[in-house]
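> Got a file for you: data.txt, compact mmCIF, C-alpha atoms (C1' of nucleotides).
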# COMPACT_ATOMS: atom_id res chain seq x y z
CA MET A 1 -12.17 -14.02 -38.28
CA PRO A 2 -13.56 -16.91 -36.20
CA ASP A 3 -13.59 -16.49 -32.45
CA ALA A 4 -10.76 -18.21 -30.66
CA VAL A 5 -11.59 -20.02 -27.43
CA LEU A 6 -9.65 -19.22 -24.29
CA LYS A 7 -9.91 -22.07 -21.80
CA VAL A 8 -8.64 -21.44 -18.27
CA ALA A 9 -8.59 -23.48 -15.08
CA THR A 10 -7.54 -23.29 -11.44
CA TYR A 11 -6.54 -26.13 -9.13
CA ASN A 12 -5.29 -26.31 -5.57
CA VAL A 13 -3.00 -29.26 -6.26
CA ASN A 14 -1.86 -29.94 -2.66
CA SER A 15 1.70 -30.81 -3.79
CA VAL A 16 2.54 -30.61 -7.48
CA ARG A 17 5.04 -33.45 -7.09
CA ALA A 18 2.62 -35.83 -5.38
CA ARG A 19 0.04 -35.15 -8.10
CA LEU A 20 2.25 -34.57 -11.13
CA GLU A 21 0.79 -37.42 -13.19
CA LEU A 22 -2.79 -36.41 -12.37
CA VAL A 23 -2.08 -32.85 -13.52
CA LEU A 24 -0.28 -33.91 -16.70
CA GLU A 25 -3.08 -36.29 -17.59
CA TRP A 26 -5.63 -33.53 -16.98
CA LEU A 27 -3.64 -31.18 -19.25
CA ARG A 28 -3.59 -33.79 -22.01
CA ARG A 29 -7.32 -34.41 -21.70
CA GLU A 30 -8.58 -30.85 -21.25
CA ALA A 31 -5.84 -28.92 -23.07
CA PRO A 32 -6.48 -25.60 -21.28
CA ASP A 33 -4.65 -22.49 -22.42
CA ILE A 34 -3.97 -21.54 -18.81
CA LEU A 35 -3.88 -23.58 -15.59
CA CYS A 36 -3.27 -21.82 -12.27
CA LEU A 37 -1.95 -24.02 -9.45
CA GLN A 38 -1.87 -23.36 -5.71
CA GLU A 39 -0.23 -25.21 -2.84
CA THR A 40 2.52 -26.59 -5.03
CA LYS A 41 4.42 -27.25 -1.79
CA VAL A 42 7.83 -27.19 -3.40
CA GLN A 43 10.76 -24.80 -3.35
CA ASP A 44 11.79 -23.45 -6.74
CA LYS A 45 14.92 -25.57 -7.13
CA ASP A 46 12.83 -28.74 -6.88
CA PHE A 47 9.87 -27.69 -9.07
CA PRO A 48 9.23 -30.34 -11.78
CA GLU A 49 9.60 -27.90 -14.66
CA GLU A 50 10.67 -30.35 -17.34
CA PRO A 51 7.51 -32.54 -17.40
CA PHE A 52 5.42 -29.42 -18.10
CA ARG A 53 7.76 -28.37 -20.91
CA GLU A 54 7.56 -31.84 -22.43
CA ALA A 55 3.78 -31.58 -22.31
CA GLY A 56 4.01 -28.42 -24.39
CA TYR A 57 3.46 -25.89 -21.61
CA HIS A 58 5.36 -22.98 -20.15
CA VAL A 59 5.38 -22.76 -16.39
CA VAL A 60 6.31 -19.99 -13.96
CA PHE A 61 6.33 -20.62 -10.22
CA ARG A 62 7.35 -19.46 -6.79
CA GLY A 63 7.39 -21.77 -3.81
CA ARG A 64 8.45 -22.31 -0.25
CA LYS A 65 9.67 -25.42 1.44
CA ALA A 66 6.72 -27.67 2.34
CA HIS A 67 3.95 -25.03 2.28
CA ALA A 68 2.07 -22.69 -0.08
CA GLY A 69 3.51 -22.16 -3.56
CA VAL A 70 1.84 -20.98 -6.78
CA ALA A 71 2.39 -21.61 -10.49
CA ILE A 72 0.93 -20.59 -13.84
CA VAL A 73 1.01 -23.22 -16.57
CA SER A 74 0.27 -21.90 -20.06
CA GLN A 75 0.50 -22.81 -23.73
CA GLU A 76 1.62 -19.33 -24.65
CA LYS A 77 4.68 -17.80 -23.04
CA PRO A 78 3.75 -15.65 -20.03
CA LEU A 79 5.00 -12.06 -20.16
CA GLU A 80 5.58 -9.47 -17.42
CA VAL A 81 5.78 -12.17 -14.74
CA ALA A 82 5.70 -10.85 -11.16
CA PHE A 83 5.31 -12.34 -7.69
CA GLY A 84 3.77 -11.28 -4.39
CA LEU A 85 1.74 -8.25 -3.38
CA ASP A 86 4.86 -6.19 -3.89
CA ASP A 87 3.56 -3.26 -1.82
CA GLY A 88 6.29 -3.04 0.79
CA GLY A 89 3.72 -4.14 3.34
CA PRO A 90 4.14 -6.83 5.97
CA SER A 91 5.18 -9.97 4.16
CA ALA A 92 5.90 -11.72 7.41
CA GLY A 93 2.51 -10.92 8.91
CA SER A 94 2.51 -13.16 11.99
CA GLY A 95 4.62 -16.17 11.34
CA GLU A 96 3.48 -16.19 7.74
CA GLY A 97 7.06 -16.80 6.71
CA LYS A 98 9.60 -14.45 5.28
CA SER A 99 7.80 -13.87 2.03
CA ASP A 100 4.31 -13.75 0.55
CA GLU A 101 5.66 -14.33 -2.93
CA ALA A 102 4.58 -17.96 -2.78
CA ARG A 103 0.96 -16.76 -2.63
CA LEU A 104 0.65 -14.62 -5.76
CA VAL A 105 1.95 -14.89 -9.29
CA ARG A 106 0.77 -12.73 -12.16
CA ALA A 107 1.58 -12.49 -15.83
CA VAL A 108 0.19 -11.45 -19.20
CA ILE A 109 -0.89 -14.33 -21.42
CA ARG A 110 -2.40 -13.92 -24.88
CA GLY A 111 -2.59 -10.24 -24.08
CA ILE A 112 -4.72 -10.79 -20.97
CA PRO A 113 -3.42 -10.08 -17.47
CA VAL A 114 -3.74 -13.12 -15.20
CA VAL A 115 -3.47 -13.02 -11.39
CA ASN A 116 -3.20 -16.33 -9.53
CA THR A 117 -3.59 -16.19 -5.76
CA TYR A 118 -3.43 -18.54 -2.81
CA VAL A 119 -5.15 -16.34 -0.24
CA PRO A 120 -3.98 -16.96 3.37
CA GLN A 121 -6.34 -19.40 5.06
CA GLY A 122 -6.41 -17.68 8.46
CA ARG A 123 -6.18 -20.71 10.77
CA SER A 124 -8.58 -19.52 13.49
CA LEU A 125 -10.77 -16.49 14.11
CA ASP A 126 -8.83 -15.37 17.19
CA SER A 127 -5.40 -15.68 15.57
CA LEU A 128 -3.22 -13.02 13.99
CA HIS A 129 -3.29 -15.19 10.89
CA PHE A 130 -6.95 -14.33 10.41
CA ARG A 131 -6.20 -10.60 10.70
CA TYR A 132 -3.40 -11.14 8.19
CA LYS A 133 -5.88 -12.80 5.81
CA LEU A 134 -8.25 -9.82 5.99
CA GLU A 135 -5.38 -7.37 5.46
CA TRP A 136 -4.05 -9.48 2.61
CA LEU A 137 -7.35 -9.18 0.75
CA ALA A 138 -7.35 -5.41 1.31
CA ARG A 139 -3.80 -5.20 -0.02
CA LEU A 140 -4.82 -7.33 -2.99
CA ARG A 141 -7.55 -4.82 -3.86
CA ALA A 142 -4.89 -2.11 -3.75
CA LEU A 143 -2.79 -4.15 -6.18
CA PHE A 144 -5.72 -4.31 -8.60
CA GLU A 145 -6.28 -0.55 -8.21
CA GLN A 146 -2.64 0.18 -8.89
CA HIS A 147 -1.94 -2.11 -11.82
CA TYR A 148 -5.23 -2.81 -13.62
CA SER A 149 -8.54 -1.30 -14.72
CA PRO A 150 -12.09 -2.69 -14.33
CA GLN A 151 -12.68 -1.50 -17.91
CA GLU A 152 -10.00 -3.82 -19.31
CA PRO A 153 -9.90 -7.62 -19.48
CA LEU A 154 -8.42 -9.21 -16.36
CA LEU A 155 -8.47 -12.76 -15.00
CA TRP A 156 -8.23 -13.35 -11.26
CA MET A 157 -8.22 -16.98 -10.29
CA GLY A 158 -7.08 -19.29 -7.55
CA ASP A 159 -7.84 -20.58 -4.08
CA PHE A 160 -9.42 -17.51 -2.45
CA ASN A 161 -10.04 -19.39 0.83
CA VAL A 162 -13.44 -17.66 1.06
CA ALA A 163 -16.88 -19.01 0.21
CA PRO A 164 -18.73 -15.86 -0.91
CA GLU A 165 -22.37 -16.79 -0.20
CA PRO A 166 -24.40 -19.14 2.02
CA MET A 167 -25.12 -21.33 -1.01
CA ASP A 168 -21.37 -21.87 -1.36
CA VAL A 169 -21.02 -23.96 1.81
CA HIS A 170 -22.82 -27.10 2.99
CA ASN A 171 -23.76 -25.72 6.40
CA PRO A 172 -23.85 -21.90 6.39
CA LYS A 173 -25.22 -21.64 9.92
CA ARG A 174 -22.53 -23.71 11.59
CA LEU A 175 -19.67 -22.51 9.38
CA LYS A 176 -20.19 -18.82 10.19
CA LYS A 177 -17.39 -19.27 12.72
CA HIS A 178 -15.00 -20.76 10.19
CA VAL A 179 -12.23 -18.57 8.77
CA ASP A 180 -13.36 -19.35 5.20
CA PHE A 181 -16.99 -18.32 5.77
CA HIS A 182 -16.84 -15.78 8.58
CA PRO A 183 -18.75 -12.54 7.83
CA GLU A 184 -15.48 -10.60 8.05
CA ALA A 185 -13.80 -12.85 5.50
CA ARG A 186 -16.80 -12.59 3.18
CA ALA A 187 -16.83 -8.80 3.58
CA ALA A 188 -13.11 -8.59 2.81
CA LEU A 189 -13.61 -10.59 -0.38
CA GLU A 190 -16.68 -8.51 -1.26
CA ARG A 191 -14.52 -5.37 -1.04
CA VAL A 192 -12.26 -6.82 -3.72
CA ARG A 193 -15.23 -7.83 -5.87
CA GLU A 194 -16.61 -4.30 -5.69
CA TRP A 195 -13.53 -3.00 -7.45
CA GLY A 196 -14.89 -4.62 -10.57
CA PHE A 197 -15.07 -8.42 -10.63
CA VAL A 198 -17.65 -10.90 -11.83
CA ASP A 199 -17.76 -14.44 -10.39
CA VAL A 200 -17.76 -16.31 -13.69
CA PHE A 201 -18.85 -19.68 -12.27
CA ARG A 202 -21.82 -18.09 -10.48
CA LEU A 203 -22.66 -16.03 -13.58
CA HIS A 204 -23.30 -19.27 -15.44
CA HIS A 205 -24.86 -21.16 -12.50
CA PRO A 206 -26.92 -18.50 -10.71
CA ASP A 207 -29.28 -20.75 -8.75
CA GLU A 208 -27.26 -23.86 -8.06
CA PRO A 209 -26.37 -24.41 -4.42
CA GLY A 210 -24.14 -27.37 -3.61
CA GLN A 211 -21.57 -26.57 -6.30
CA TYR A 212 -18.27 -27.05 -4.50
CA THR A 213 -14.55 -27.10 -5.33
CA PHE A 214 -13.17 -28.35 -1.99
CA TRP A 215 -14.00 -31.24 0.33
CA ASP A 216 -11.94 -31.63 3.51
CA TYR A 217 -9.86 -34.83 3.67
CA ARG A 218 -10.70 -35.10 7.35
CA ALA A 219 -14.45 -35.39 6.89
CA ARG A 220 -14.97 -38.98 5.85
CA GLU A 221 -16.97 -39.52 2.65
CA ALA A 222 -17.09 -35.72 2.37
CA LEU A 223 -17.69 -35.76 -1.40
CA GLU A 224 -20.42 -38.40 -1.21
CA ARG A 225 -22.11 -36.60 1.67
CA GLY A 226 -21.90 -33.20 -0.01
CA LEU A 227 -19.71 -31.67 2.70
CA GLY A 228 -18.05 -29.19 0.39
CA TRP A 229 -17.06 -25.58 0.00
CA ARG A 230 -16.81 -23.28 -3.06
CA VAL A 231 -13.57 -21.50 -2.20
CA ASP A 232 -11.78 -21.71 -5.57
CA HIS A 233 -12.77 -19.09 -8.08
CA ILE A 234 -12.42 -17.60 -11.55
CA TRP A 235 -13.32 -13.94 -11.40
CA THR A 236 -12.93 -11.47 -14.26
CA THR A 237 -13.59 -7.85 -15.06
CA GLU A 238 -16.79 -7.00 -16.99
CA PRO A 239 -15.34 -6.89 -20.51
CA LEU A 240 -14.04 -10.44 -20.13
CA ALA A 241 -17.07 -11.74 -18.19
CA ARG A 242 -19.22 -10.75 -21.17
CA LYS A 243 -17.20 -13.17 -23.27
CA ALA A 244 -17.50 -16.12 -20.90
CA THR A 245 -19.33 -18.95 -22.64
CA ARG A 246 -19.36 -21.58 -19.87
CA ALA A 247 -17.87 -22.58 -16.53
CA TRP A 248 -17.81 -25.88 -14.69
CA ILE A 249 -16.31 -27.83 -11.80
CA ASP A 250 -14.56 -31.09 -12.65
CA VAL A 251 -15.90 -33.16 -9.76
CA GLU A 252 -14.57 -36.37 -11.33
CA ALA A 253 -11.01 -35.26 -10.62
CA ARG A 254 -11.89 -35.33 -6.90
CA ARG A 255 -12.86 -39.00 -7.30
CA ALA A 256 -9.40 -39.96 -8.63
CA GLU A 257 -7.02 -42.12 -6.65
CA ARG A 258 -5.07 -40.03 -4.16
CA PRO A 259 -6.87 -36.82 -5.17
CA SER A 260 -6.21 -33.34 -3.91
CA ASP A 261 -8.80 -32.15 -1.41
CA HIS A 262 -9.76 -29.52 -4.03
CA THR A 263 -10.72 -30.01 -7.65
CA PHE A 264 -10.41 -28.21 -10.99
CA LEU A 265 -12.59 -25.20 -11.79
CA VAL A 266 -12.73 -24.40 -15.52
CA ALA A 267 -14.06 -21.57 -17.69
CA GLU A 268 -14.13 -20.78 -21.38
CA PHE A 269 -14.17 -17.42 -23.13
CA ALA A 270 -14.74 -16.41 -26.74
CA THR A 271 -11.94 -13.95 -27.37
C1' DA B 1 -18.70 -34.31 18.44
C1' DT B 2 -13.46 -30.39 18.43
C1' DG B 3 -12.23 -35.57 15.89
C1' DG B 4 -10.74 -36.68 11.24
C1' DT B 5 -6.46 -37.17 6.59
C1' DA B 6 -2.76 -35.86 3.67
C1' DG B 7 1.66 -33.68 2.52
C1' DT B 8 6.31 -32.33 3.65
C1' DA B 9 10.28 -33.97 5.42
C1' DA B 10 12.09 -36.00 9.07
C1' DA B 11 9.19 -34.02 14.32
C1' DA B 12 5.78 -31.12 14.02
C1' DC B 13 3.35 -28.03 11.32
C1' DT B 14 -0.19 -26.60 7.91
C1' DA B 15 -4.54 -27.03 5.80
Would you give me this structure, written as C-alpha cells?

Amino acid sequence: MPDAVLKVATYNVNSVRARLELVLEWLRREAPDILCLQETKVQDKDFPEEPFREAGYHVVFRGRKAHAGVAIVSQEKPLEVAFGLDDGGPSAGSGEGKSDEARLVRAVIRGIPVVNTYVPQGRSLDSLHFRYKLEWLARLRALFEQHYSPQEPLLWMGDFNVAPEPMDVHNPKRLKKHVDFHPEARAALERVREWGFVDVFRLHHPDEPGQYTFWDYRAREALERGLGWRVDHIWTTEPLARKATRAWIDVEARRAERPSDHTFLVAEFAT
DNA sequence: ATGGTAGTAAAACTA
C-alpha cells in the first residue's frame, strides 16, 4: 500500500472574516488535509461556515466577540471535538473573559488526535495576564498527560505565543523582557515539550536562524527588515515526528495585500 | 526610541 501524505498547517488569521478570501485561496492552492486557525475574532453565530463547506472542508470553531477564537478546518470529518482546557481551573484568569474555550479546540482527524491552541499572549511581564499565560501552559501539559500518550501519534499546533530559542527571534538580547521570549515563558513551554513533543519545523531546519512566522504590524517594513518571531508551531509526539517528511513557512502569504501579521506554517507526514 | 498598525465594533481594547 502506498504511503498517504498528511499535510497540515497552522495560521493566526487575525480575523477569519477579514481574510476569508485569502484563506480560501490558500486552501485551493495548497489543499492541506488540516488547517488550524487562531484569532478568528468572531462569535460562533457569525462564523463563515458555508464558504468552507463549499470549498470541500469541514470546520469546527469556538469564538468570542472581537477577540481570540480558534477553528480546525479539515477535509475529513473531525471526531471527538472538544474545547478549552476543561480542567475546572480558572477560565477567567484575570480579565481573560468568561471562558478559555476560544483558545483551544481538539479533535481526531484521520485517526490522529489534533490539538489547536491560541496560547494567552500575556500582555506585560508585571501583569496577571502573564502569570495566567504561564499557568495556562502548565494546565495544557496536564491536559496532554490526562488525554494522550507520548508513545502515540499526536499533533499539537497553533500560535503558542512563545519563541523557544534565541534563534527564533530577531533580537534575543533585547526581547528577553518580552512576554513571548521571557525566560519564564520559554521555561513554561519547555515543560510542555518535555512531556514528549518534537518541534517539527526545527527538526527539518536545525541550523536556520531567521525563520519566522510573525512580524508585528507596528514595526514598519518588519518583514523586509527581518524583524520577526517564530511563535507559531507544529509539534508532534515521536511516532509522528519520525514520519515528518518536510516543513516550511509560507512567507509569501505575509506579502499578500492586507495580510495577517502571522503567516502559514506547513508540514507533511507520510502516514 | 516606548512609538508604530490592524481588527472589532462602535469607544476603547487587544495584539
> Can you list, as a ChimeraX atom specification, every protein, DNA or RNA residue that comes within 8 Å of A:Glu80 when you count only C-alpha atoms (C1' of nucleotides), leaving out same-chain residues fewer than 2 positions away?
/A:78,82,106-108
> Suppose we keep C-alpha atoms; can you now write the selection as a compact mmCIF listing (two decimals), in the frame of the given file?

# COMPACT_ATOMS: atom_id res chain seq x y z
CA PRO A 78 3.75 -15.65 -20.03
CA ALA A 82 5.70 -10.85 -11.16
CA ARG A 106 0.77 -12.73 -12.16
CA ALA A 107 1.58 -12.49 -15.83
CA VAL A 108 0.19 -11.45 -19.20
> Interatomic distance between atom CA of A:Phe160 and atom CA of A:Pro51?
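That distance, rounded to one decimal, is 27.1 Å.
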> Would you compute the distance between atom CA of A:Gln75 and atom CA of A:Cys36? Give it in Å to one decimal.
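Distance between the two atoms: 12.1 Å.
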> What does the distance from atom CA of A:Arg255 to atom CA of A:Pro48 come to in Å, to one decimal?
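Computing the Euclidean distance for atom CA of A:Arg255 and atom CA of A:Pro48 yields 24.1 Å.
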> Identify the residues within 10 Å of coordinate (-22.6, -31.6, 0.1) (same frame as the file), considering all atoms listed in the file, and give the answer as a ChimeraX atom specification.
/A:168-171,209-212,215,222-229
> Find the spatial neighbours of A:Lys243, counting all atoms listed in the file, within a cut-off of 7 Å - ignore same-chain residues fewer than 4 positions away - and output them as a PyMOL selection string.
chain A and resi 269-271
> With 9 Å as the limit and counting only C-alpha atoms (C1' of nucleotides), what residues in chain B lie close to chain A? Please list them as a list in words.
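Per the criterion, chain B yields DG3, DG4, DT5, DA6, DG7, DT8, DA9, DT14 and DA15 of chain B.
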> Can you tell me which residues surround A:Gln151 at a distance of at most 10 Å, considering all atoms listed in the file, apart from same-chain residues fewer than 3 positions away, and format the answer as a list in words?
Tyr148, Leu154, Gly196, Thr237, Glu238, Pro239 and Leu240 of chain A
> Just checking: using only C-alpha atoms, which residue out of A:Phe47, A:Phe130, A:Trp136, A:Phe264 ends up closest to A:Leu85?
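That would be A:Trp136, the residue with the smallest distance to A:Leu85.
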> May I have the residues at most 10 Å from (-6.1, -7.6, 2.9) in the file's coordinates, counting only C-alpha atoms (C1' of nucleotides), as a PyMOL selection string?
chain A and resi 119-120+131-142+185+188-189+191-192
